[in-house]
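Below is one structure, written out as structure tokens, with a few remarks after it.
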Amino acid sequence: MNESESQELAGNMKHNYLSVSSLFAQPGQYVVPLFQRPYVWTEDEQWRPLWDDIRRAAEDTVVGKGTVRSHFLGSVVLELQHTPTGHLATREIIDGQQRLTTLQLFLKAAADSAAASGATLAAGQLGDLVRNRHVPEHDANGRFKVWPTEADQSAFVAVMDAAGGAISGEFKDHSFAMAYRYFASAIEGWLKPVPSETAKRADALSGALHQQIRLMALDIDPGEDAQVIFETLNARGTPLLPLDLVKNWLLREAVRQKVDFKKLYDNHWRKSFDLEIEYWREEVGRGHAQRPRADLFLQNFLTMRLHEEVGSERLYYRFLDDVAKHRGEATSARFEVIERNAAVFREIDEPDEDTDIGWRLARIKELDFVTANPFLMSLRSIAKDEEYAGVLEILESFIVRRLVCELSTRGYGTLFVDLMKAIVDGDSAKTIREQVVDFLLRSDANASRWPNDVEFGKAWDELPIYDKLVRPRLRFILRALEERMRKAGGLTEPFAVPAKLEIEHIMPQSWEANWPLPAGEPLNGKVAQLRRQIVHTIGNLTLVTKKLNLTLSNAAWSKDTEDTPCKRETIKAYSLMMLSKDIINQSIGPKIK
């Protein structure tokens with residue numbers, strides 16, 4: 001939608017500048033559409049600023065200012081719904097559901113607090129704004145002025161029906177309950193500083209909500225393109241996630257096609273996303289690259305579907321590109337493919353290490369190459385478990401060899417997209433594992449080649465790997481070595497290697513103090529030079545607990561006196577690592593001379 005279209009759309013809306021009481025006083029219900037996201041407002045970002053605005057307006061009345069200011073809380077967009085005779089008048093909330101829901105929680109807290117303080121007039125006035133007193137028998141939920149989206153309905157009923165705010169059971173820690181408790185505590189603290197003024201303050205609070213606290217309500221006629229309005233208001237720079245807009249589009253399209261959108265939502269979206277809101281909205285990544293996990297999923301999903309690298313920006317519009325590419329795909333099929341791949345994404349993101357595939361996925365995740373995820377998601381739908389596990393093993397070898405050989409990790413996004421396309425269009429006479437191996441061996445360019453044994457062996461022996469790899473990746477390699485050593489022969493007891501072990505240098509980084517050179521060797525001689533070359537190589541590294549690491553520090557290898565701590569005896573006494581076993585059994589110490 002361009003600027004002139006947006007202005008024309010805004011011009012067609014009916015604007016009403018209303019107080020909170022005007023919005024909620026008349027019988028009726030504001031319904032949050034199924035396609036909208038669940039409740040996400042928080043104390044720091046929204047509840048506290050809302051209370052500050054309302055409190056200031058109430059205090060203007062308490063102190064008796066001559067001119068009482070109005071406080072503007074923002075706008076809401078509403079669409080009048082056709083309702084049969086005898087039914088409660090309803091409006092669908094196109095935009096502003098978080099604000100209207102929060103106001104209802106606030107009004108409930110204010111009415112309860114006023115009642116508890118003995119301010120019966122204010123309690124009655126405020127209570128009238130949270131209940132429709134006379135509703136048809138067939139519409140029990142019509143008693144509420146606002147009716148949330150389905151994922152939040154049970155929690156909303158629990159909070160709004162709780163007597164005096166006594167919220168218990170499964171919803172006591174829901175965001176609705178937390179919002180109610182925040183507002184109730186803040187209001188009670190404000191009402192009671194001077195007991196003789198409690199009723200006056202409660203009346204002032206009620207008066208502010210009836211007269212001073214205002215919103216702009218924008219009404220659109222039934223039949224207006226609510227989808228266009230919703231996207232125009234929310235798709236540009238607001239906290240609404242691209243996945244919310246995708247959900248909105250899918251449900252609107254289902255309605256347009258006269259498909260059972262409620263069934264599609266219940267079967268394919270509600271459990272996967274709306275009931276797992278904390279997981280999907282959690283910020284992941286580092287620094288400026290942090291973003292909600294839902295964005296990362298959608299980016300991976302669209303990369304897989306479009307067979308091209310999809311950036312983190314404009315994800316909703318890239319979804320529309322996918323719609324265009326798969327124009328003949330039924331809406332029900334779109335729901336299914338998103339649900340299925342959301343489950344695959346979670347399997348990759350939260351692998352179950354008790355399974356072979358989960359264990360291998362955990363290793364790939366520990367290496368932190370998320371650019372491989374679209375390929376892994378694509379592969380999961382066509383490969384059987386055994387073949388999928390085999391490809392994961394190949395990818396691990398490919399990635400680790402390139403890391404140790406110090407080959408660039410740039411361009412992996414393109415590489416894995418090309419690999420994905422190669423498998424989709426691959427030779428059906430070959431297994432997927434064979435196709436992956438063929439593809440990775442095909443290139444001799446530094447950006448994508450698979451190092452051979454000779455190149456890898458040289459780098460493995462000589463690379464100061466401690467300086468070259470970030471700690472999580474180096475720790476992964478050492479853990480992988482330890483696990484392989486334990487499996488060799490099948491005689492060692494299997495137990496998991498803890499992920500939080502620390503990397504320890506057998507010969508210390510500062511070896512000069514307690515690791516003397518052979519007699520007559522100068523500090524600038526060949527032995528010292530060799531020590532400096534190998535101190536950060538893989539052969540001088542092992543894994544220990546944090547406490548053991550602090551104990552070992554720069555200690556000598558063997559004892560000079562009975563009271564002198566030494567690495568050999570300490571590691572032998574306390575470490576279970578197979579990595580360290582061979583070296584501690586050497587009576588002459590590590591071969592570094």
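By convention in this document, the chains of the structure tokens carry letters A, B, ... by their order, each chain's residues are numbered from 1, and ligands are numbered from 1 in the order they are shown.
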
I want to know what sits within 9 Å of range 354-371 of chain A, based on only C-alpha atoms, with residues of the same chain fewer than 3 positions away left out; could you give that as a ChimeraX atom specification? /A:300,347-351,374-375,385-386,388-389,392-393,395-396,399-400,412-414,416-417,472-474,476-477,480

Find the residues around Arg340 in chain A up to 10 Å (only C-alpha atoms counted), leave out those fewer than 5 positions away in its own chain, and share them as a tab-separated table (two decimals) with C-alpha atoms, in the first residue's frame.
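File produced: around_35.tsv:
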chain	number	residue	atom	x	y	z
A	268	HIS	CA	-2.05	-26.61	13.00
A	272	SER	CA	2.68	-25.16	17.73
A	334	ARG	CA	0.26	-24.03	3.97
A	335	PHE	CA	-0.83	-24.49	7.58
A	345	PHE	CA	13.06	-26.43	13.65
A	377	MET	CA	14.89	-28.76	7.57
A	381	SER	CA	11.22	-34.23	5.00

Taking only range 110-334 of chain A into account, list the residues labelled strand (DSSP E or B) by DSSP (computed from the backbone), as a ChimeraX atom specification. /A:146-147,213-220,283-284,291-292

Quick one: of A:Met507, A:Glu170, A:Leu543, A:Pro518, who's nearest to Trp557 in chain A, counting only C-alpha atoms? A:Met507

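With only C-alpha atoms as the atoms that count, the residue of A:Gly287, A:Pro33, A:Gly207, A:Gly169 with the shortest distance to Asp152 in chain A is A:Pro33.
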
Extract the full set of helix (DSSP H, G or I) residues from range 124-363 of chain A according to DSSP on the backbone, and format it as number ranges by chain. A: 124-127, 140-143, 150-160, 163-165, 169-171, 175-191, 195-212, 226-234, 242-256, 261-270, 274-281, 287-289, 293-306, 315-325, 331-349, 356-363

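Contact shell of Glu483 in chain A at 9 Å (only C-alpha atoms; same-chain neighbours under 5 positions omitted): A:Leu478, A:Ala488, A:Pro494, A:Phe495, A:Ala496, A:Val497, A:Met578.
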
File dump, residues just selected, N, CA and C atoms, as a PDB file, in the first residue's frame:
ATOM      1  N   LEU A 478      37.142 -31.051  21.654  1.00  0.00           N
ATOM      2  CA  LEU A 478      37.722 -31.844  22.734  1.00  0.00           C
ATOM      3  C   LEU A 478      36.708 -32.829  23.315  1.00  0.00           C
ATOM      4  N   ALA A 488      35.717 -46.269  21.840  1.00  0.00           N
ATOM      5  CA  ALA A 488      36.678 -47.174  21.199  1.00  0.00           C
ATOM      6  C   ALA A 488      36.792 -48.475  21.991  1.00  0.00           C
ATOM      7  N   PRO A 494      29.787 -45.908  29.459  1.00  0.00           N
ATOM      8  CA  PRO A 494      29.296 -44.705  28.760  1.00  0.00           C
ATOM      9  C   PRO A 494      28.672 -43.717  29.731  1.00  0.00           C
ATOM     10  N   PHE A 495      29.116 -42.509  29.718  1.00  0.00           N
ATOM     11  CA  PHE A 495      28.425 -41.442  30.436  1.00  0.00           C
ATOM     12  C   PHE A 495      28.733 -40.126  29.738  1.00  0.00           C
ATOM     13  N   ALA A 496      27.772 -39.200  29.825  1.00  0.00           N
ATOM     14  CA  ALA A 496      27.868 -37.955  29.069  1.00  0.00           C
ATOM     15  C   ALA A 496      29.026 -37.107  29.565  1.00  0.00           C
ATOM     16  N   VAL A 497      29.699 -36.463  28.616  1.00  0.00           N
ATOM     17  CA  VAL A 497      30.765 -35.520  28.958  1.00  0.00           C
ATOM     18  C   VAL A 497      30.109 -34.169  29.235  1.00  0.00           C
ATOM     19  N   MET A 578      39.483 -39.460  29.447  1.00  0.00           N
ATOM     20  CA  MET A 578      40.360 -40.321  28.658  1.00  0.00           C
ATOM     21  C   MET A 578      41.421 -39.478  27.938  1.00  0.00           C
TER      22      MET A 578
END

What's the 9 Å shell around range 132-137 of chain A, counting only C-alpha atoms, without same-chain residues fewer than 6 positions away, as a tab-separated table (two decimals) with N, CA and C atoms, in the first residue's frame?
chain	number	residue	atom	x	y	z
A	25	ALA	N	-18.71	1.77	28.67
A	25	ALA	CA	-19.94	1.92	29.46
A	25	ALA	C	-21.13	1.22	28.84
A	26	GLN	N	-21.23	1.27	27.52
A	26	GLN	CA	-22.38	0.69	26.85
A	26	GLN	C	-22.26	-0.84	26.77
A	27	PRO	N	-23.39	-1.55	26.80
A	27	PRO	CA	-23.33	-3.01	26.62
A	27	PRO	C	-22.70	-3.34	25.27
A	28	GLY	N	-21.85	-4.30	25.25
A	28	GLY	CA	-21.18	-4.68	24.01
A	28	GLY	C	-19.87	-5.39	24.32
A	29	GLN	N	-19.28	-5.93	23.30
A	29	GLN	CA	-18.04	-6.69	23.49
A	29	GLN	C	-17.07	-6.42	22.35
A	86	GLY	N	-31.08	-9.99	19.24
A	86	GLY	CA	-31.01	-10.68	20.52
A	86	GLY	C	-29.61	-11.02	20.95
A	87	HIS	N	-28.63	-10.75	20.09
A	87	HIS	CA	-27.24	-11.00	20.45
A	87	HIS	C	-26.55	-9.70	20.87
A	88	LEU	N	-25.51	-9.85	21.62
A	88	LEU	CA	-24.74	-8.70	22.09
A	88	LEU	C	-24.02	-8.04	20.92
A	143	ARG	N	-20.42	-11.67	29.19
A	143	ARG	CA	-20.32	-10.78	30.36
A	143	ARG	C	-19.07	-9.93	30.33
A	144	PHE	N	-18.09	-10.31	29.52
A	144	PHE	CA	-16.84	-9.57	29.46
A	144	PHE	C	-16.89	-8.50	28.38
A	145	LYS	N	-16.35	-7.35	28.69
A	145	LYS	CA	-16.32	-6.24	27.73
A	145	LYS	C	-15.32	-6.51	26.60

Could you name the residues that touch Gln46 in chain A at 12 Å or less, counting only C-alpha atoms, but leaving out those on the same chain fewer than 5 positions away, as number ranges by chain? A: 39-41, 51-53, 73, 98-99, 102-103, 106, 179, 182-183

So the first atom is CA of Tyr180 in chain A and the second is CA of Asn16 in chain A; what is the distance between them in Å, to one decimal place? 27.9 Å

Can you measure CA of Arg48 in chain A to CA of Ser75 in chain A for me? One decimal in Å is fine.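 According to the coordinates, CA of Arg48 in chain A and CA of Ser75 in chain A are separated by 18.4 Å.
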
Contacts of range 147-252 of chain A with range 107-128 of chain A up to 9 Å, shortest pair per row, only C-alpha atoms, as CSV:
residue,atom,partner,partner_atom,distance
A:Val159,CA,A:Lys108,CA,9.0
A:Met160,CA,A:Lys108,CA,6.9
A:Ala163,CA,A:Asp112,CA,8.4
A:Gly164,CA,A:Asp112,CA,5.7
A:Gly165,CA,A:Asp112,CA,7.2
A:Tyr180,CA,A:Ala109,CA,5.8
A:Arg181,CA,A:Ala109,CA,7.6
A:Tyr182,CA,A:Ala109,CA,8.8
A:Phe183,CA,A:Ala109,CA,6.0
A:Ala184,CA,A:Ala109,CA,4.8
A:Ser185,CA,A:Ser113,CA,8.5
A:Ile187,CA,A:Ala110,CA,6.6
A:Glu188,CA,A:Ser113,CA,5.9
A:Leu191,CA,A:Ser117,CA,7.9
A:Lys192,CA,A:Ser117,CA,8.1
A:Thr198,CA,A:Ser117,CA,7.0
A:Ala199,CA,A:Ala119,CA,5.0
A:Lys200,CA,A:Ala119,CA,8.4
A:Ala202,CA,A:Ala122,CA,5.8
A:Asp203,CA,A:Ala122,CA,5.3
A:Ala204,CA,A:Ala122,CA,8.6
A:Leu205,CA,A:Ala122,CA,8.0
A:Ser206,CA,A:Ala122,CA,5.8
A:Gly207,CA,A:Ala122,CA,8.5
A:Leu209,CA,A:Leu126,CA,8.4
A:His210,CA,A:Leu126,CA,8.9

For the selection just defined, write its residues with N, CA and C atoms to a file, as a PDB file, in the first residue's frame.
ATOM      1  N   VAL A 159      -8.739 -14.718  35.665  1.00  0.00           N
ATOM      2  CA  VAL A 159      -8.356 -13.472  36.325  1.00  0.00           C
ATOM      3  C   VAL A 159      -9.568 -12.576  36.542  1.00  0.00           C
ATOM      4  N   MET A 160     -10.396 -12.424  35.523  1.00  0.00           N
ATOM      5  CA  MET A 160     -11.521 -11.489  35.619  1.00  0.00           C
ATOM      6  C   MET A 160     -12.618 -12.002  36.556  1.00  0.00           C
ATOM      7  N   ALA A 163     -12.381 -13.613  42.710  1.00  0.00           N
ATOM      8  CA  ALA A 163     -12.938 -12.728  43.735  1.00  0.00           C
ATOM      9  C   ALA A 163     -11.817 -12.002  44.457  1.00  0.00           C
ATOM     10  N   GLY A 164     -11.832 -10.692  44.397  1.00  0.00           N
ATOM     11  CA  GLY A 164     -10.817  -9.901  45.086  1.00  0.00           C
ATOM     12  C   GLY A 164      -9.411 -10.147  44.583  1.00  0.00           C
ATOM     13  N   GLY A 165      -9.290 -10.677  43.375  1.00  0.00           N
ATOM     14  CA  GLY A 165      -7.958 -10.885  42.800  1.00  0.00           C
ATOM     15  C   GLY A 165      -7.250 -12.122  43.317  1.00  0.00           C
ATOM     16  N   TYR A 180      -2.558  -7.912  36.521  1.00  0.00           N
ATOM     17  CA  TYR A 180      -3.545  -7.578  37.561  1.00  0.00           C
ATOM     18  C   TYR A 180      -2.859  -7.289  38.892  1.00  0.00           C
ATOM     19  N   ARG A 181      -1.933  -8.154  39.301  1.00  0.00           N
ATOM     20  CA  ARG A 181      -1.257  -7.955  40.592  1.00  0.00           C
ATOM     21  C   ARG A 181      -0.438  -6.669  40.597  1.00  0.00           C
ATOM     22  N   TYR A 182       0.211  -6.360  39.464  1.00  0.00           N
ATOM     23  CA  TYR A 182       0.980  -5.115  39.403  1.00  0.00           C
ATOM     24  C   TYR A 182       0.070  -3.912  39.613  1.00  0.00           C
ATOM     25  N   PHE A 183      -1.035  -3.874  38.860  1.00  0.00           N
ATOM     26  CA  PHE A 183      -1.937  -2.722  38.954  1.00  0.00           C
ATOM     27  C   PHE A 183      -2.577  -2.648  40.347  1.00  0.00           C
ATOM     28  N   ALA A 184      -2.993  -3.787  40.884  1.00  0.00           N
ATOM     29  CA  ALA A 184      -3.633  -3.781  42.204  1.00  0.00           C
ATOM     30  C   ALA A 184      -2.673  -3.249  43.266  1.00  0.00           C
ATOM     31  N   SER A 185      -1.430  -3.701  43.224  1.00  0.00           N
ATOM     32  CA  SER A 185      -0.444  -3.234  44.203  1.00  0.00           C
ATOM     33  C   SER A 185      -0.185  -1.743  44.056  1.00  0.00           C
ATOM     34  N   ILE A 187      -2.157   0.580  42.696  1.00  0.00           N
ATOM     35  CA  ILE A 187      -3.348   1.364  43.041  1.00  0.00           C
ATOM     36  C   ILE A 187      -3.551   1.397  44.553  1.00  0.00           C
ATOM     37  N   GLU A 188      -3.409   0.241  45.211  1.00  0.00           N
ATOM     38  CA  GLU A 188      -3.578   0.206  46.667  1.00  0.00           C
ATOM     39  C   GLU A 188      -2.561   1.096  47.361  1.00  0.00           C
ATOM     40  N   LEU A 191      -3.771   4.688  46.913  1.00  0.00           N
ATOM     41  CA  LEU A 191      -5.017   5.043  47.594  1.00  0.00           C
ATOM     42  C   LEU A 191      -4.834   5.315  49.083  1.00  0.00           C
ATOM     43  N   LYS A 192      -3.807   4.714  49.721  1.00  0.00           N
ATOM     44  CA  LYS A 192      -3.777   4.669  51.178  1.00  0.00           C
ATOM     45  C   LYS A 192      -2.705   5.504  51.884  1.00  0.00           C
ATOM     46  N   THR A 198      -8.655   8.290  51.309  1.00  0.00           N
ATOM     47  CA  THR A 198      -8.779   7.111  50.452  1.00  0.00           C
ATOM     48  C   THR A 198      -9.975   7.213  49.526  1.00  0.00           C
ATOM     49  N   ALA A 199     -11.143   7.541  50.078  1.00  0.00           N
ATOM     50  CA  ALA A 199     -12.344   7.627  49.249  1.00  0.00           C
ATOM     51  C   ALA A 199     -12.207   8.725  48.203  1.00  0.00           C
ATOM     52  N   LYS A 200     -11.615   9.865  48.608  1.00  0.00           N
ATOM     53  CA  LYS A 200     -11.420  10.973  47.675  1.00  0.00           C
ATOM     54  C   LYS A 200     -10.505  10.561  46.527  1.00  0.00           C
ATOM     55  N   ALA A 202      -9.972   7.448  45.467  1.00  0.00           N
ATOM     56  CA  ALA A 202     -10.670   6.456  44.641  1.00  0.00           C
ATOM     57  C   ALA A 202     -11.638   7.143  43.685  1.00  0.00           C
ATOM     58  N   ASP A 203     -12.356   8.168  44.195  1.00  0.00           N
ATOM     59  CA  ASP A 203     -13.271   8.916  43.324  1.00  0.00           C
ATOM     60  C   ASP A 203     -12.495   9.643  42.228  1.00  0.00           C
ATOM     61  N   ALA A 204     -11.330  10.168  42.570  1.00  0.00           N
ATOM     62  CA  ALA A 204     -10.509  10.869  41.574  1.00  0.00           C
ATOM     63  C   ALA A 204     -10.027   9.899  40.499  1.00  0.00           C
ATOM     64  N   LEU A 205      -9.664   8.687  40.917  1.00  0.00           N
ATOM     65  CA  LEU A 205      -9.224   7.683  39.954  1.00  0.00           C
ATOM     66  C   LEU A 205     -10.368   7.322  39.010  1.00  0.00           C
ATOM     67  N   SER A 206     -11.558   7.118  39.588  1.00  0.00           N
ATOM     68  CA  SER A 206     -12.734   6.822  38.768  1.00  0.00           C
ATOM     69  C   SER A 206     -13.050   7.994  37.840  1.00  0.00           C
ATOM     70  N   GLY A 207     -12.965   9.205  38.372  1.00  0.00           N
ATOM     71  CA  GLY A 207     -13.242  10.389  37.555  1.00  0.00           C
ATOM     72  C   GLY A 207     -12.274  10.529  36.393  1.00  0.00           C
ATOM     73  N   LEU A 209     -10.747   8.139  34.806  1.00  0.00           N
ATOM     74  CA  LEU A 209     -11.067   7.128  33.785  1.00  0.00           C
ATOM     75  C   LEU A 209     -12.374   7.453  33.072  1.00  0.00           C
ATOM     76  N   HIS A 210     -13.257   8.178  33.739  1.00  0.00           N
ATOM     77  CA  HIS A 210     -14.526   8.544  33.112  1.00  0.00           C
ATOM     78  C   HIS A 210     -14.412   9.804  32.261  1.00  0.00           C
TER      79      HIS A 210
END

Residues within 9 Å of Leu80 in chain A, please, as an MDAnalysis selection string. Count only C-alpha atoms; anything in the same chain fewer than 2 positions from it doesn't count. chainID A and resid 78 82 89:92 219:222

Residues just named, written with N, CA and C atoms as a compact mmCIF listing (two decimals), in the first residue's frame:
# COMPACT_ATOMS: atom_id res chain seq x y z
N LEU A 78 -11.48 -0.56 15.13
CA LEU A 78 -12.56 -1.50 15.41
C LEU A 78 -13.41 -1.71 14.16
N HIS A 82 -21.72 -7.88 12.11
CA HIS A 82 -23.16 -8.17 11.96
C HIS A 82 -23.55 -9.20 13.00
N ALA A 89 -24.07 -6.72 20.87
CA ALA A 89 -23.35 -5.99 19.82
C ALA A 89 -21.85 -6.21 19.99
N THR A 90 -21.17 -6.53 18.91
CA THR A 90 -19.73 -6.78 19.00
C THR A 90 -18.97 -5.99 17.95
N ARG A 91 -17.75 -5.68 18.31
CA ARG A 91 -16.80 -5.08 17.37
C ARG A 91 -15.52 -5.91 17.40
N GLU A 92 -14.99 -6.16 16.25
CA GLU A 92 -13.72 -6.89 16.18
C GLU A 92 -12.58 -5.89 16.27
N ASP A 219 -13.40 3.57 13.67
CA ASP A 219 -14.35 2.54 13.24
C ASP A 219 -14.27 2.35 11.73
N ILE A 220 -14.27 1.08 11.32
CA ILE A 220 -14.37 0.79 9.90
C ILE A 220 -15.64 -0.01 9.67
N ASP A 221 -16.21 0.13 8.51
CA ASP A 221 -17.46 -0.55 8.20
C ASP A 221 -17.22 -2.02 7.91
N PRO A 222 -18.21 -2.86 8.20
CA PRO A 222 -18.08 -4.27 7.81
C PRO A 222 -17.83 -4.38 6.32

Suppose you want the space between CA of Pro148 in chain A and CA of Val31 in chain A; what is it in Å?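 Interatomic distance, CA of Pro148 in chain A to CA of Val31 in chain A: 6.3 Å.
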
Any idea what's packed within 8 Å of range 447-464 of chain A, counting only C-alpha atoms, ignoring anything in its chain fewer than 5 positions away? Could you give it as a ChimeraX atom specification? /A:398,401-402,404-405,407-412,415,440-442,533-539
